[in-house]
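Colleague: Input protein_22.cif, format and content: mmCIF, C-alpha atoms.
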```cif
data_coords
#
loop_
_atom_site.label_atom_id
_atom_site.label_comp_id
_atom_site.auth_asym_id
_atom_site.auth_seq_id
_atom_site.Cartn_x
_atom_site.Cartn_y
_atom_site.Cartn_z
CA MET A 86 16.44 3.30 53.18
CA LYS A 87 19.94 2.45 52.13
CA GLU A 88 18.73 -0.12 49.56
CA GLY A 89 16.60 2.55 47.86
CA TRP A 90 13.43 0.53 48.25
CA THR A 91 9.94 1.91 48.01
CA HIS A 92 6.64 0.44 49.18
CA ASP A 93 6.36 -1.27 45.79
CA THR A 94 9.77 -2.94 45.84
CA PRO A 95 9.50 -6.73 46.05
CA VAL A 96 11.80 -8.15 48.71
CA PRO A 97 12.86 -11.78 48.22
CA PRO A 98 12.75 -14.03 51.31
CA GLU A 99 16.49 -14.63 50.85
CA PHE A 100 17.15 -11.02 51.91
CA PHE A 101 16.27 -11.89 55.49
CA GLY A 102 18.70 -14.79 55.63
CA PRO A 103 18.07 -18.24 57.08
CA LEU A 104 14.97 -18.66 59.21
CA TRP A 105 16.80 -20.69 61.83
CA GLU A 106 20.45 -20.68 62.73
CA GLY A 107 22.56 -22.78 65.07
CA PRO A 108 20.86 -24.50 68.01
CA ASP A 109 17.53 -22.75 67.34
CA ARG A 110 16.96 -24.86 64.25
CA PRO A 111 14.12 -27.33 64.95
CA ASP A 112 14.50 -31.02 64.10
CA TRP A 113 11.67 -30.89 61.59
CA ALA A 114 13.18 -28.06 59.53
CA PRO A 115 14.05 -29.08 55.95
CA PRO A 116 17.77 -29.41 55.14
CA GLU A 117 19.44 -26.33 53.71
CA SER A 118 20.73 -26.44 50.15
CA GLU A 119 24.44 -26.15 49.60
CA ALA A 120 25.76 -23.93 46.83
CA GLY A 121 26.61 -26.01 43.82
CA ASP A 122 24.40 -28.90 44.80
CA GLU A 123 21.64 -27.78 42.52
CA GLY A 124 21.72 -26.00 39.24
CA ILE A 125 20.74 -26.05 35.62
CA GLU A 126 22.29 -28.37 33.10
CA LEU A 127 21.89 -27.71 29.38
CA THR A 128 23.11 -30.53 27.17
CA ILE A 129 23.43 -30.17 23.42
CA ASP A 130 24.58 -32.84 21.01
CA VAL A 131 26.43 -31.17 18.18
CA PRO A 132 27.05 -32.74 14.77
CA ASP A 133 30.73 -33.10 14.02
CA ASP A 134 30.56 -30.66 11.12
CA ALA A 135 29.61 -27.82 13.44
CA THR A 136 32.44 -25.34 13.79
CA ASP A 137 33.98 -24.32 17.08
CA GLU A 138 32.59 -20.82 16.55
CA GLU A 139 29.06 -22.21 16.22
CA VAL A 140 29.50 -24.19 19.42
CA LEU A 141 30.83 -21.16 21.30
CA ALA A 142 27.98 -19.00 20.03
CA ALA A 143 25.42 -21.59 21.13
CA VAL A 144 26.99 -21.87 24.58
CA ARG A 145 26.98 -18.10 25.02
CA GLU A 146 23.41 -17.66 23.79
CA LEU A 147 22.01 -20.51 25.88
CA ALA A 148 23.78 -19.29 29.00
CA VAL A 149 22.36 -15.78 28.55
CA ALA A 150 18.86 -17.06 27.75
CA ALA A 151 18.91 -19.31 30.83
CA ASP A 152 20.16 -16.43 32.97
CA ASP A 153 17.42 -14.14 31.62
CA MET A 154 14.77 -16.67 32.50
CA TYR A 155 16.20 -17.33 35.93
CA ARG A 156 16.32 -13.60 36.71
CA ALA A 157 12.80 -13.09 35.35
CA TYR A 158 11.57 -15.60 37.91
CA GLY A 159 13.23 -13.66 40.72
CA GLY A 160 16.64 -15.30 40.89
CA SER A 161 19.87 -13.40 41.35
CA GLY A 162 21.44 -14.70 38.17
CA LEU A 163 23.40 -17.73 37.10
CA GLN A 164 27.11 -18.37 36.79
CA VAL A 165 29.08 -20.98 34.90
CA ALA A 166 30.02 -23.96 37.03
CA ASP A 167 31.44 -26.01 34.21
CA VAL A 168 31.35 -26.73 30.50
CA GLU A 169 32.18 -30.24 29.42
CA ILE A 170 32.67 -31.41 25.85
CA THR A 171 33.04 -35.07 24.99
CA ASP A 172 32.75 -37.20 21.91
CA GLU A 173 29.68 -39.25 21.46
CA VAL A 174 29.58 -42.01 18.85
CA THR A 175 26.03 -42.51 17.72
CA ALA A 176 24.35 -45.59 16.31
CA PRO A 177 25.64 -46.82 12.91
CA VAL A 178 24.10 -45.22 9.85
CA GLU A 179 24.27 -48.40 7.81
CA ALA A 180 23.82 -51.72 9.52
CA PRO A 181 25.81 -54.61 7.92
CA ARG A 182 23.76 -57.43 6.47
CA MET B 9 29.91 -49.20 8.33
CA SER B 10 30.26 -45.55 9.12
CA LYS B 11 29.60 -44.02 12.48
CA PRO B 12 28.85 -40.30 12.48
CA ARG B 13 30.48 -38.58 15.40
CA LYS B 14 28.92 -36.02 17.59
CA ARG B 15 30.17 -33.84 20.34
CA ARG B 16 28.19 -33.56 23.52
CA VAL B 17 28.35 -30.15 25.11
CA VAL B 18 27.17 -29.92 28.72
CA ILE B 19 26.75 -26.44 30.20
CA ARG B 20 26.34 -26.39 33.96
CA LEU B 21 25.03 -23.21 35.52
CA THR B 22 24.66 -22.52 39.22
CA PRO B 23 22.96 -19.64 41.02
CA ARG B 24 25.14 -16.64 41.86
CA GLU B 25 23.65 -16.49 45.32
CA ARG B 26 23.87 -19.48 47.60
CA THR B 27 20.32 -18.97 48.82
CA ASP B 28 19.02 -19.25 45.27
CA ALA B 29 20.02 -22.89 44.81
CA LYS B 30 16.53 -24.35 45.08
CA ALA B 31 14.98 -21.37 43.35
CA ALA B 32 17.06 -22.11 40.27
CA LEU B 33 15.48 -25.49 39.79
CA ASP B 34 11.98 -24.40 40.71
CA ALA B 35 12.10 -21.46 38.30
CA PHE B 36 13.07 -23.70 35.43
CA ARG B 37 10.55 -26.39 36.26
CA VAL B 38 7.75 -23.83 36.48
CA ALA B 39 8.84 -22.04 33.33
CA LEU B 40 9.22 -25.11 31.17
CA LYS B 41 6.18 -27.05 32.33
CA PRO B 42 3.64 -25.40 30.02
CA THR B 43 5.99 -25.52 27.05
CA GLY B 44 6.26 -29.27 26.74
CA VAL B 45 10.03 -29.14 27.22
CA SER B 46 10.95 -31.91 29.60
CA PHE B 47 13.12 -31.16 32.58
CA ALA B 48 15.38 -34.11 33.28
CA VAL B 49 17.31 -34.91 36.41
CA LEU B 50 20.73 -36.09 35.34
CA SER B 51 23.70 -37.56 37.10
CA ARG B 52 27.28 -36.81 36.25
CA GLU B 53 28.01 -40.39 35.32
CA GLU B 54 25.48 -40.25 32.52
CA THR B 55 27.17 -37.35 30.84
CA ARG B 56 30.81 -38.36 31.03
CA GLU B 57 32.23 -40.48 28.23
CA GLU B 58 35.81 -41.26 27.54
CA ASN B 59 37.40 -40.03 24.37
CA ALA B 60 39.49 -42.72 22.75
CA ASP B 61 41.30 -40.38 20.39
CA ALA B 62 43.98 -38.24 22.07
CA ASP B 63 43.82 -35.53 19.39
CA ARG B 64 40.07 -35.29 19.67
CA ARG B 65 40.29 -35.20 23.41
CA MET B 66 42.78 -32.35 23.27
CA ALA B 67 40.62 -30.45 20.76
CA ASN B 68 37.56 -30.95 22.93
CA GLU B 69 39.41 -29.78 26.03
CA GLN B 70 40.56 -26.64 24.25
CA LEU B 71 37.01 -25.95 23.13
CA GLU B 72 35.78 -26.64 26.66
CA THR B 73 38.13 -24.01 28.03
CA ALA B 74 37.09 -21.50 25.38
CA ALA B 75 33.38 -22.20 25.92
CA ARG B 76 33.67 -21.96 29.70
CA LYS B 77 35.45 -18.63 29.38
CA ALA B 78 33.04 -17.28 26.77
CA ALA B 79 29.97 -18.12 28.85
CA ALA B 80 31.55 -16.85 32.08
CA VAL B 81 32.56 -13.55 30.48
CA VAL B 82 29.12 -12.86 29.02
CA LEU B 83 27.31 -13.74 32.26
CA ASP B 84 29.74 -11.78 34.45
CA GLN B 85 29.43 -8.71 32.21
CA LYS B 86 25.67 -8.94 32.33
CA ALA B 87 25.65 -9.30 36.12
CA ALA B 88 27.95 -6.29 36.48
CA GLU B 89 25.75 -4.17 34.20
CA LEU B 90 22.59 -5.12 36.05
CA ARG B 91 24.18 -4.33 39.41
CA GLN B 92 24.80 -0.76 38.24
CA GLN B 93 21.24 -0.23 37.12
CA ALA B 94 18.53 1.32 39.26
CA PRO B 95 16.43 -0.84 41.59
CA ALA B 96 13.48 -0.15 39.28
CA CYS B 97 14.81 -2.95 37.12
CA THR B 98 13.89 -5.45 39.80
CA LYS B 99 10.32 -4.21 40.08
CA ALA B 100 7.65 -6.86 40.37
CA ASP B 101 6.69 -8.61 37.17
CA ASP B 102 2.98 -8.04 37.73
CA GLU B 103 1.85 -8.98 34.27
CA GLY B 104 4.20 -11.90 33.84
CA LYS B 105 5.58 -10.17 30.76
CA ALA B 106 9.23 -10.54 31.67
CA THR B 107 8.92 -14.22 32.51
CA ALA B 108 6.98 -14.93 29.32
CA GLU B 109 9.54 -13.11 27.19
CA ALA B 110 12.48 -14.81 28.85
CA ARG B 111 10.88 -18.22 28.47
CA TRP B 112 10.10 -17.52 24.84
CA LYS B 113 13.67 -16.44 24.18
CA LEU B 114 15.09 -19.68 25.57
CA LEU B 115 12.60 -21.79 23.63
CA VAL B 116 13.37 -19.97 20.38
CA LYS B 117 17.06 -20.62 20.92
CA LEU B 118 16.40 -24.31 21.52
CA GLN B 119 14.21 -24.46 18.42
CA GLU B 120 16.96 -22.88 16.35
CA LEU B 121 19.35 -25.57 17.48
CA ALA B 122 16.83 -28.31 16.72
CA ALA B 123 16.31 -26.90 13.23
CA LYS B 124 20.04 -27.33 12.63
CA GLY B 125 19.85 -30.97 13.70
CA TRP B 126 21.29 -30.34 17.15
CA THR B 127 19.54 -32.13 19.97
CA TRP B 128 19.28 -30.78 23.48
CA THR B 129 18.17 -31.56 27.00
CA VAL B 130 17.35 -29.13 29.78
CA GLY B 131 17.75 -30.55 33.23
CA ALA B 132 19.17 -30.42 36.68
CA ALA B 133 22.32 -32.05 37.88
CA LEU B 134 21.95 -32.92 41.50
CA ASP B 135 25.31 -34.57 41.95
CA TRP B 136 27.53 -31.60 41.41
CA ALA B 137 30.43 -31.89 43.75
CA LEU B 138 32.89 -29.89 41.69
CA LYS B 139 35.79 -31.90 43.05
CA LYS B 140 34.55 -34.69 40.82
CA VAL B 141 35.00 -32.56 37.73
CA LYS B 142 38.49 -33.25 36.46
#
```
Do you think you could lay out the structure here as structure tokens?

Modeller:
Amino acid sequence: MKEGWTHDTPVPPEFFGPLWEGPDRPDWAPPESEAGDEGIELTIDVPDDATDEEVLAAVRELAVAADDMYRAYGGSGLQVADVEITDEVTAPVEAPR
Amino acid sequence: MSKPRKRRVVIRLTPRERTDAKAALDAFRVALKPTGVSFAVLSREETREENADADRRMANEQLETAARKAAAVVLDQKAAELRQQAPACTKADDEGKATAEARWKLLVKLQELAAKGWTWTVGAALDWALKKVK
């Protein structure tokens, strides 16, 4: 076989493509997912004294750990859709009396 | 009255294969369920806040670019390396060892961040039309 499979090779359902295409798709079939509609979002709130290097390291490590887990569960891997960094002002430390 | 500032870093990851879209969420839900880590469903509006300070905004945007590139490079390299490896690497995980190890690795990383006082959320963003992102 050109894929190099053996009898023990697990084949994901995705290999066979969509079950229904075009006019053959029955009305009761669930809607297909669009790429980018669903994904994983990891949000971390970083204290202001954290350095840029620490932030970059955390982003890299979390992305790899998430990718590892996704692949371990049979996925084909993750890619970066976006990274967004904004300021967040938290509740006051000392409340005025 | 002093207000400590924090930066919120949101990393959005999508499946490499279009057909994996639902699998991405299901894998994470299944993996995190026994760990006690909650899996939140988030909307883009909840995560976007305006930066009042132009300098801070510029610094954050520069860091965003660097972080996006850093994560993309490491994931692309990993994907390329795995593609070159033998199909044996995708052999069935009969004993659940690979999934357990991968889950453990992510949890340890999250615990390390928590120990430093960083807070985190793992979730799914269902409203991800990228045209809305900047």

Colleague: Please check the contacts: residues of chain A at most 6 Å away from chain B, using only C-alpha atoms, listed as an MDAnalysis selection string.

Modeller: chainID A and resid 94:95 120 122:133 141 145 150 153:154 157:158 162:174 177 179

Colleague: Output C-alpha atoms for every residue in the selection just made, as a short mmCIF file (atom, residue, chain, number, x, y, z; two decimals), in the coordinates of the input.

Modeller:
```cif
data_model
loop_
_atom_site.label_atom_id
_atom_site.label_comp_id
_atom_site.auth_asym_id
_atom_site.auth_seq_id
_atom_site.Cartn_x
_atom_site.Cartn_y
_atom_site.Cartn_z
CA THR A 94 9.77 -2.94 45.84
CA PRO A 95 9.50 -6.73 46.05
CA ALA A 120 25.76 -23.93 46.83
CA ASP A 122 24.40 -28.90 44.80
CA GLU A 123 21.64 -27.78 42.52
CA GLY A 124 21.72 -26.00 39.24
CA ILE A 125 20.74 -26.05 35.62
CA GLU A 126 22.29 -28.37 33.10
CA LEU A 127 21.89 -27.71 29.38
CA THR A 128 23.11 -30.53 27.17
CA ILE A 129 23.43 -30.17 23.42
CA ASP A 130 24.58 -32.84 21.01
CA VAL A 131 26.43 -31.17 18.18
CA PRO A 132 27.05 -32.74 14.77
CA ASP A 133 30.73 -33.10 14.02
CA LEU A 141 30.83 -21.16 21.30
CA ARG A 145 26.98 -18.10 25.02
CA ALA A 150 18.86 -17.06 27.75
CA ASP A 153 17.42 -14.14 31.62
CA MET A 154 14.77 -16.67 32.50
CA ALA A 157 12.80 -13.09 35.35
CA TYR A 158 11.57 -15.60 37.91
CA GLY A 162 21.44 -14.70 38.17
CA LEU A 163 23.40 -17.73 37.10
CA GLN A 164 27.11 -18.37 36.79
CA VAL A 165 29.08 -20.98 34.90
CA ALA A 166 30.02 -23.96 37.03
CA ASP A 167 31.44 -26.01 34.21
CA VAL A 168 31.35 -26.73 30.50
CA GLU A 169 32.18 -30.24 29.42
CA ILE A 170 32.67 -31.41 25.85
CA THR A 171 33.04 -35.07 24.99
CA ASP A 172 32.75 -37.20 21.91
CA GLU A 173 29.68 -39.25 21.46
CA VAL A 174 29.58 -42.01 18.85
CA PRO A 177 25.64 -46.82 12.91
CA GLU A 179 24.27 -48.40 7.81
#
```

Colleague: What does the structure give for the distance between CA of Asp137 (chain A) and CA of Asp63 (chain B), in Å to one decimal?

Modeller: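 So the answer is 15.1 Å.
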
Colleague: As lines of an AutoDock Vina configuration file, please: the centre and edge lengths in Å, to one decimal, of an axis-aligned box enclosing every listed atom of region 75-86 of chain B with 6 Å added on each side.

Modeller:
```
center_x = 30.6
center_y = -15.5
center_z = 30.2
size_x = 21.8
size_y = 25.5
size_z = 20.5
```

Colleague: What gap, in Å, lies between CA of Ser46 (chain B) and CA of Ala123 (chain B)?

Modeller: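 One can read the CA of Ser46 (chain B) to CA of Ala123 (chain B) distance as 17.9 Å.
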
Colleague: For CA of Ala143 (chain A) and CA of Gln93 (chain B), quote the distance in Å rounded to one decimal.

Modeller: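 Rounded to one decimal, the two atoms are 27.0 Å apart.
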